[in-house]
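Q: Below: one structure in structure tokens.
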Amino acid sequence: MGLGQTLLTIMALMLMGRLILMVNRTTLETGSTKDMAEYAITATSLGTSILEYANDLAFDEATVDTFLTSTQSASLTAAASFGPDAGETNFRIFDDIDDYHGYSKIDTIPTSAIFFTRVTVQYLNVVPPSTVTVTTVKKFNKLISVFVTSPSMVDYSFDPGNPRPDTLKFQSVFSYWYFR
């Protein structure tokens, strides 16, 4: 075997080594992308399920058994008193939206990850046509925010070498519209 054939053999081995490395990297990136998508889908299911539960509840403790008029906003729960009422130890027995304020839970999904969920509820001040601000003043609009995170969910978009934890945020506005 001559010098030319030896050089061709060495170059072929180098090309094959580079090809194997590219295939391995692609396989690893595909697996990571699949895992991130699975975590995001699971987190989305957890977050939207809380919004769905809240959608079935009364607007406020004052509206559980009665209707308010447009001038009775003073009857609503104070923002500082948001959270579960006495005896409401489980989200399945919450009777109004603001019972979710401060709610948190940990979900362990077998063969997946651990997810941390927390919820906040705030009053919204709406000034037409487009100004919406968070307030502590009693209003007929509430914003519920659900935050879902997991140590397994990371965001590589800012710095691929230094991923940061990722949190999914889900929000919904609930308004009281029944006035007599």
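In the structure tokens, chains take letters A, B, ... by order of appearance, with residues numbered from 1 within each chain and ligands from 1 in the order shown.
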Check the DSSP output for the backbone and give back, as a JSON list (two decimals) with N, CA and C atoms, in the first residue's frame, the residues of chain A in helix (DSSP H, G or I).

A:
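File produced: selection37.json:
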```
[["chain", "number", "residue", "atom", "x", "y", "z"],
["A", 3, "LEU", "N", 1.77, 5.54, -0.19],
["A", 3, "LEU", "CA", 1.49, 6.71, 0.64],
["A", 3, "LEU", "C", 0.14, 7.32, 0.29],
["A", 4, "GLY", "N", -0.23, 7.36, -0.97],
["A", 4, "GLY", "CA", -1.50, 7.92, -1.39],
["A", 4, "GLY", "C", -2.69, 7.14, -0.84],
["A", 5, "GLN", "N", -2.56, 5.80, -0.88],
["A", 5, "GLN", "CA", -3.64, 4.98, -0.35],
["A", 5, "GLN", "C", -3.76, 5.12, 1.17],
["A", 6, "THR", "N", -2.67, 5.27, 1.86],
["A", 6, "THR", "CA", -2.68, 5.45, 3.31],
["A", 6, "THR", "C", -3.37, 6.77, 3.67],
["A", 7, "LEU", "N", -3.03, 7.84, 2.93],
["A", 7, "LEU", "CA", -3.65, 9.14, 3.18],
["A", 7, "LEU", "C", -5.16, 9.08, 2.90],
["A", 8, "LEU", "N", -5.55, 8.41, 1.84],
["A", 8, "LEU", "CA", -6.98, 8.26, 1.54],
["A", 8, "LEU", "C", -7.70, 7.48, 2.65],
["A", 9, "THR", "N", -7.07, 6.45, 3.18],
["A", 9, "THR", "CA", -7.65, 5.66, 4.26],
["A", 9, "THR", "C", -7.81, 6.51, 5.52],
["A", 10, "ILE", "N", -6.81, 7.31, 5.85],
["A", 10, "ILE", "CA", -6.87, 8.18, 7.03],
["A", 10, "ILE", "C", -7.98, 9.22, 6.85],
["A", 11, "MET", "N", -8.08, 9.80, 5.67],
["A", 11, "MET", "CA", -9.14, 10.80, 5.43],
["A", 11, "MET", "C", -10.52, 10.15, 5.49],
["A", 12, "ALA", "N", -10.64, 8.95, 4.98],
["A", 12, "ALA", "CA", -11.93, 8.24, 5.04],
["A", 12, "ALA", "C", -12.31, 7.96, 6.49],
["A", 13, "LEU", "N", -11.35, 7.55, 7.31],
["A", 13, "LEU", "CA", -11.64, 7.31, 8.74],
["A", 13, "LEU", "C", -12.02, 8.61, 9.45],
["A", 14, "MET", "N", -11.38, 9.71, 9.10],
["A", 14, "MET", "CA", -11.73, 11.00, 9.71],
["A", 14, "MET", "C", -13.14, 11.42, 9.32],
["A", 15, "LEU", "N", -13.50, 11.25, 8.06],
["A", 15, "LEU", "CA", -14.84, 11.59, 7.60],
["A", 15, "LEU", "C", -15.89, 10.71, 8.28],
["A", 16, "MET", "N", -15.57, 9.42, 8.41],
["A", 16, "MET", "CA", -16.51, 8.50, 9.06],
["A", 16, "MET", "C", -16.67, 8.87, 10.54],
["A", 17, "GLY", "N", -15.58, 9.23, 11.21],
["A", 17, "GLY", "CA", -15.66, 9.65, 12.61],
["A", 17, "GLY", "C", -16.50, 10.90, 12.78],
["A", 18, "ARG", "N", -16.31, 11.87, 11.88],
["A", 18, "ARG", "CA", -17.11, 13.10, 11.93],
["A", 18, "ARG", "C", -18.58, 12.80, 11.67],
["A", 19, "LEU", "N", -18.87, 11.93, 10.73],
["A", 19, "LEU", "CA", -20.25, 11.55, 10.43],
["A", 19, "LEU", "C", -20.90, 10.88, 11.64],
["A", 20, "ILE", "N", -20.18, 10.00, 12.30],
["A", 20, "ILE", "CA", -20.71, 9.32, 13.49],
["A", 20, "ILE", "C", -21.00, 10.33, 14.59],
["A", 21, "LEU", "N", -20.12, 11.30, 14.80],
["A", 21, "LEU", "CA", -20.35, 12.34, 15.81],
["A", 21, "LEU", "C", -21.58, 13.17, 15.48],
["A", 22, "MET", "N", -21.78, 13.52, 14.21],
["A", 22, "MET", "CA", -22.95, 14.31, 13.81],
["A", 22, "MET", "C", -24.24, 13.52, 14.01],
["A", 23, "VAL", "N", -24.22, 12.24, 13.70],
["A", 23, "VAL", "CA", -25.41, 11.40, 13.91],
["A", 23, "VAL", "C", -25.73, 11.29, 15.40],
["A", 24, "ASN", "N", -24.71, 11.11, 16.22],
["A", 24, "ASN", "CA", -24.93, 11.02, 17.68],
["A", 24, "ASN", "C", -25.49, 12.33, 18.23],
["A", 25, "ARG", "N", -24.94, 13.46, 17.80],
["A", 25, "ARG", "CA", -25.42, 14.76, 18.27],
["A", 25, "ARG", "C", -26.88, 14.97, 17.86],
["A", 26, "THR", "N", -27.21, 14.64, 16.63],
["A", 26, "THR", "CA", -28.58, 14.78, 16.15],
["A", 26, "THR", "C", -29.53, 13.90, 16.95],
["A", 27, "THR", "N", -29.10, 12.68, 17.24],
["A", 27, "THR", "CA", -29.93, 11.77, 18.03],
["A", 27, "THR", "C", -30.16, 12.32, 19.43],
["A", 28, "LEU", "N", -29.12, 12.85, 20.06],
["A", 28, "LEU", "CA", -29.26, 13.42, 21.40],
["A", 28, "LEU", "C", -30.16, 14.65, 21.39],
["A", 29, "GLU", "N", -30.00, 15.53, 20.40],
["A", 29, "GLU", "CA", -30.84, 16.73, 20.32],
["A", 29, "GLU", "C", -32.29, 16.36, 20.08],
["A", 30, "THR", "N", -32.54, 15.35, 19.27],
["A", 30, "THR", "CA", -33.91, 14.90, 19.02],
["A", 30, "THR", "C", -34.54, 14.37, 20.30],
["A", 31, "GLY", "N", -33.78, 13.59, 21.07],
["A", 31, "GLY", "CA", -34.29, 13.07, 22.34],
["A", 31, "GLY", "C", -34.60, 14.19, 23.32],
["A", 32, "SER", "N", -33.70, 15.18, 23.40],
["A", 32, "SER", "CA", -33.92, 16.31, 24.30],
["A", 32, "SER", "C", -35.14, 17.12, 23.88],
["A", 33, "THR", "N", -35.31, 17.35, 22.59],
["A", 33, "THR", "CA", -36.46, 18.09, 22.08],
["A", 33, "THR", "C", -37.75, 17.35, 22.38],
["A", 34, "LYS", "N", -37.74, 16.04, 22.23],
["A", 34, "LYS", "CA", -38.91, 15.22, 22.52],
["A", 34, "LYS", "C", -39.26, 15.32, 24.01],
["A", 35, "ASP", "N", -38.25, 15.24, 24.87],
["A", 35, "ASP", "CA", -38.49, 15.35, 26.31],
["A", 35, "ASP", "C", -39.06, 16.70, 26.68],
["A", 36, "MET", "N", -38.49, 17.79, 26.13],
["A", 36, "MET", "CA", -38.98, 19.14, 26.44],
["A", 36, "MET", "C", -40.43, 19.30, 25.98],
["A", 37, "ALA", "N", -40.76, 18.74, 24.83],
["A", 37, "ALA", "CA", -42.14, 18.82, 24.34],
["A", 37, "ALA", "C", -43.08, 18.05, 25.26],
["A", 38, "GLU", "N", -42.65, 16.90, 25.73],
["A", 38, "GLU", "CA", -43.48, 16.10, 26.65],
["A", 38, "GLU", "C", -43.70, 16.86, 27.96],
["A", 39, "TYR", "N", -42.66, 17.49, 28.49],
["A", 39, "TYR", "CA", -42.80, 18.25, 29.73],
["A", 39, "TYR", "C", -43.73, 19.45, 29.53],
["A", 40, "ALA", "N", -43.60, 20.13, 28.40],
["A", 40, "ALA", "CA", -44.44, 21.29, 28.13],
["A", 40, "ALA", "C", -45.91, 20.88, 27.97],
["A", 41, "ILE", "N", -46.16, 19.77, 27.32],
["A", 41, "ILE", "CA", -47.54, 19.30, 27.16],
["A", 41, "ILE", "C", -48.14, 18.92, 28.52],
["A", 42, "THR", "N", -47.37, 18.25, 29.35],
["A", 42, "THR", "CA", -47.85, 17.88, 30.68],
["A", 42, "THR", "C", -48.11, 19.12, 31.52],
["A", 43, "ALA", "N", -47.18, 20.08, 31.50],
["A", 43, "ALA", "CA", -47.36, 21.33, 32.26],
["A", 43, "ALA", "C", -48.59, 22.09, 31.76],
["A", 44, "THR", "N", -48.81, 22.11, 30.47],
["A", 44, "THR", "CA", -49.98, 22.77, 29.91],
["A", 44, "THR", "C", -51.26, 22.10, 30.39],
["A", 45, "SER", "N", -51.27, 20.79, 30.44],
["A", 45, "SER", "CA", -52.44, 20.08, 30.94],
["A", 45, "SER", "C", -52.71, 20.40, 32.41],
["A", 46, "LEU", "N", -51.66, 20.47, 33.21],
["A", 46, "LEU", "CA", -51.82, 20.78, 34.63],
["A", 46, "LEU", "C", -52.34, 22.21, 34.82],
["A", 47, "GLY", "N", -51.77, 23.16, 34.07],
["A", 47, "GLY", "CA", -52.19, 24.56, 34.21],
["A", 47, "GLY", "C", -53.61, 24.81, 33.73],
["A", 48, "THR", "N", -53.95, 24.28, 32.58],
["A", 48, "THR", "CA", -55.30, 24.52, 32.06],
["A", 48, "THR", "C", -56.36, 23.77, 32.87],
["A", 49, "SER", "N", -56.00, 22.66, 33.50],
["A", 49, "SER", "CA", -56.99, 21.96, 34.32],
["A", 49, "SER", "C", -57.41, 22.81, 35.51],
["A", 50, "ILE", "N", -56.49, 23.58, 36.08],
["A", 50, "ILE", "CA", -56.85, 24.47, 37.19],
["A", 50, "ILE", "C", -57.78, 25.57, 36.69],
["A", 51, "LEU", "N", -57.49, 26.13, 35.51],
["A", 51, "LEU", "CA", -58.38, 27.16, 34.96],
["A", 51, "LEU", "C", -59.76, 26.58, 34.67],
["A", 52, "GLU", "N", -59.83, 25.34, 34.24],
["A", 52, "GLU", "CA", -61.12, 24.70, 33.98],
["A", 52, "GLU", "C", -61.90, 24.49, 35.28],
["A", 53, "TYR", "N", -61.21, 24.06, 36.33],
["A", 53, "TYR", "CA", -61.88, 23.91, 37.63],
["A", 53, "TYR", "C", -62.41, 25.26, 38.10],
["A", 54, "ALA", "N", -61.59, 26.31, 37.97],
["A", 54, "ALA", "CA", -61.99, 27.65, 38.42],
["A", 54, "ALA", "C", -63.17, 28.17, 37.61],
["A", 55, "ASN", "N", -63.25, 27.78, 36.37],
["A", 55, "ASN", "CA", -64.34, 28.24, 35.50],
["A", 55, "ASN", "C", -65.71, 27.78, 35.99],
["A", 61, "GLU", "N", -67.21, 34.81, 47.05],
["A", 61, "GLU", "CA", -67.97, 34.23, 48.16],
["A", 61, "GLU", "C", -69.34, 34.90, 48.28],
["A", 62, "ALA", "N", -69.39, 36.20, 47.97],
["A", 62, "ALA", "CA", -70.65, 36.95, 48.06],
["A", 62, "ALA", "C", -71.63, 36.56, 46.96],
["A", 63, "THR", "N", -71.16, 35.87, 45.93],
["A", 63, "THR", "CA", -72.06, 35.50, 44.82],
["A", 63, "THR", "C", -72.33, 34.00, 44.76],
["A", 73, "SER", "N", -70.34, 46.32, 44.88],
["A", 73, "SER", "CA", -68.98, 45.79, 44.84],
["A", 73, "SER", "C", -68.35, 45.75, 46.24],
["A", 74, "ALA", "N", -68.83, 46.55, 47.16],
["A", 74, "ALA", "CA", -68.31, 46.54, 48.54],
["A", 74, "ALA", "C", -68.56, 45.19, 49.22],
["A", 75, "SER", "N", -69.53, 44.42, 48.72],
["A", 75, "SER", "CA", -69.84, 43.11, 49.29],
["A", 75, "SER", "C", -68.82, 42.04, 48.90],
["A", 79, "ALA", "N", -59.18, 41.91, 48.69],
["A", 79, "ALA", "CA", -58.03, 41.25, 48.06],
["A", 79, "ALA", "C", -57.09, 40.63, 49.09],
["A", 80, "ALA", "N", -56.96, 41.26, 50.25],
["A", 80, "ALA", "CA", -56.10, 40.72, 51.30],
["A", 80, "ALA", "C", -56.65, 39.43, 51.90],
["A", 81, "SER", "N", -57.93, 39.17, 51.69],
["A", 81, "SER", "CA", -58.56, 37.97, 52.25],
["A", 81, "SER", "C", -58.69, 36.84, 51.22],
["A", 91, "PHE", "N", -58.85, 21.64, 46.81],
["A", 91, "PHE", "CA", -59.34, 22.46, 45.70],
["A", 91, "PHE", "C", -60.67, 21.95, 45.14],
["A", 92, "ARG", "N", -60.99, 20.71, 45.36],
["A", 92, "ARG", "CA", -62.26, 20.16, 44.85],
["A", 92, "ARG", "C", -63.47, 20.68, 45.63],
["A", 93, "ILE", "N", -63.24, 21.30, 46.80],
["A", 93, "ILE", "CA", -64.36, 21.86, 47.56],
["A", 93, "ILE", "C", -64.34, 23.39, 47.58],
["A", 97, "ILE", "N", -63.75, 31.62, 42.94],
["A", 97, "ILE", "CA", -62.47, 31.74, 42.23],
["A", 97, "ILE", "C", -61.32, 32.13, 43.14],
["A", 98, "ASP", "N", -61.54, 33.11, 44.02],
["A", 98, "ASP", "CA", -60.41, 33.59, 44.82],
["A", 98, "ASP", "C", -59.94, 32.60, 45.87],
["A", 99, "ASP", "N", -60.64, 31.48, 46.05],
["A", 99, "ASP", "CA", -60.15, 30.42, 46.94],
["A", 99, "ASP", "C", -58.85, 29.84, 46.41],
["A", 100, "TYR", "N", -58.58, 29.99, 45.12],
["A", 100, "TYR", "CA", -57.35, 29.47, 44.52],
["A", 100, "TYR", "C", -56.12, 30.32, 44.83]]
```

Q: Among chain A, which ones does DSSP place in strand (DSSP E or B), written as JSON, numbers by chain?

A: {"A": [58, 96, 104, 105, 106, 107, 108, 114, 115, 116, 117, 118, 119, 120, 121, 122, 123, 124, 125, 126, 127, 131, 132, 133, 134, 135, 141, 142, 143, 144, 145, 146, 147, 148, 149, 150, 151, 152, 153, 154, 155, 164, 165, 166, 167, 168, 169, 170, 171, 172, 173, 174, 175]}

Q: Can those selected residues be exported to a file as a PDB file, in the first residue's frame so that it contains C-alpha atoms?

A:
```
ATOM      1  CA  ALA A  58     -68.782  31.301  41.628  1.00  0.00           C
ATOM      2  CA  ASP A  96     -65.361  30.621  44.414  1.00  0.00           C
ATOM      3  CA  SER A 104     -49.889  25.306  45.276  1.00  0.00           C
ATOM      4  CA  LYS A 105     -49.336  21.657  44.576  1.00  0.00           C
ATOM      5  CA  ILE A 106     -46.665  19.210  43.501  1.00  0.00           C
ATOM      6  CA  ASP A 107     -47.437  16.624  40.837  1.00  0.00           C
ATOM      7  CA  THR A 108     -45.143  13.678  40.314  1.00  0.00           C
ATOM      8  CA  ILE A 114     -41.996  16.564  39.057  1.00  0.00           C
ATOM      9  CA  PHE A 115     -44.138  19.662  38.443  1.00  0.00           C
ATOM     10  CA  PHE A 116     -44.720  22.567  40.834  1.00  0.00           C
ATOM     11  CA  THR A 117     -47.906  24.595  40.409  1.00  0.00           C
ATOM     12  CA  ARG A 118     -48.862  27.832  42.139  1.00  0.00           C
ATOM     13  CA  VAL A 119     -51.843  30.145  41.650  1.00  0.00           C
ATOM     14  CA  THR A 120     -52.501  33.836  42.268  1.00  0.00           C
ATOM     15  CA  VAL A 121     -55.778  35.744  42.028  1.00  0.00           C
ATOM     16  CA  GLN A 122     -56.019  39.536  41.736  1.00  0.00           C
ATOM     17  CA  TYR A 123     -58.674  42.141  41.037  1.00  0.00           C
ATOM     18  CA  LEU A 124     -58.476  43.942  37.700  1.00  0.00           C
ATOM     19  CA  ASN A 125     -59.412  47.533  37.017  1.00  0.00           C
ATOM     20  CA  VAL A 126     -60.679  47.864  33.439  1.00  0.00           C
ATOM     21  CA  VAL A 127     -60.851  51.329  31.898  1.00  0.00           C
ATOM     22  CA  THR A 131     -56.384  49.995  29.972  1.00  0.00           C
ATOM     23  CA  VAL A 132     -56.275  47.016  32.318  1.00  0.00           C
ATOM     24  CA  THR A 133     -54.361  47.165  35.604  1.00  0.00           C
ATOM     25  CA  VAL A 134     -54.066  44.982  38.672  1.00  0.00           C
ATOM     26  CA  THR A 135     -55.598  46.535  41.772  1.00  0.00           C
ATOM     27  CA  ASN A 141     -63.086  41.448  37.297  1.00  0.00           C
ATOM     28  CA  LYS A 142     -60.532  38.960  38.606  1.00  0.00           C
ATOM     29  CA  LEU A 143     -57.333  37.694  37.028  1.00  0.00           C
ATOM     30  CA  ILE A 144     -56.273  34.157  37.858  1.00  0.00           C
ATOM     31  CA  SER A 145     -52.648  33.268  37.034  1.00  0.00           C
ATOM     32  CA  VAL A 146     -51.334  29.704  37.113  1.00  0.00           C
ATOM     33  CA  PHE A 147     -47.568  29.087  37.072  1.00  0.00           C
ATOM     34  CA  VAL A 148     -46.246  25.593  36.320  1.00  0.00           C
ATOM     35  CA  THR A 149     -42.559  24.757  36.519  1.00  0.00           C
ATOM     36  CA  SER A 150     -40.356  21.704  36.733  1.00  0.00           C
ATOM     37  CA  PRO A 151     -36.635  21.140  37.245  1.00  0.00           C
ATOM     38  CA  SER A 152     -36.831  19.112  34.031  1.00  0.00           C
ATOM     39  CA  MET A 153     -38.179  22.042  31.978  1.00  0.00           C
ATOM     40  CA  VAL A 154     -35.301  24.255  30.890  1.00  0.00           C
ATOM     41  CA  ASP A 155     -34.991  27.106  28.403  1.00  0.00           C
ATOM     42  CA  ARG A 164     -32.312  28.374  32.849  1.00  0.00           C
ATOM     43  CA  PRO A 165     -35.455  26.959  34.466  1.00  0.00           C
ATOM     44  CA  ASP A 166     -38.600  27.472  32.432  1.00  0.00           C
ATOM     45  CA  THR A 167     -42.037  28.344  33.840  1.00  0.00           C
ATOM     46  CA  LEU A 168     -45.287  28.198  31.911  1.00  0.00           C
ATOM     47  CA  LYS A 169     -47.843  30.876  32.818  1.00  0.00           C
ATOM     48  CA  PHE A 170     -51.567  30.565  32.166  1.00  0.00           C
ATOM     49  CA  GLN A 171     -53.986  33.420  32.799  1.00  0.00           C
ATOM     50  CA  SER A 172     -57.705  33.951  32.562  1.00  0.00           C
ATOM     51  CA  VAL A 173     -59.955  36.873  33.415  1.00  0.00           C
ATOM     52  CA  PHE A 174     -63.219  36.171  35.197  1.00  0.00           C
ATOM     53  CA  SER A 175     -65.900  38.838  35.310  1.00  0.00           C
TER      54      SER A 175
END
```

Q: Given only C-alpha atoms as the basis, pick out the residue of A:Ser130, A:Phe158, A:Tyr103, A:Thr71 nearest to A:Thr89.

A: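 Smallest distance to A:Thr89 is found for A:Tyr103.
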
Q: Have a look at atom CA of A:Pro128 and atom CA of A:Trp177 and let me know their distance in Å, one decimal.

A: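 Those two atoms sit 16.2 Å apart.
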
Q: By how many Å are atom CA of A:Asn90 and atom CA of A:Ala78 apart?

A: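 Atom-to-atom, atom CA of A:Asn90 and atom CA of A:Ala78 are spaced 21.5 Å apart.
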
Q: Could you work out how far atom CA of A:Gly83 lies from atom CA of A:Ser70, giving the answer in Å with one decimal?

A: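 Distance between the two atoms: 23.8 Å.
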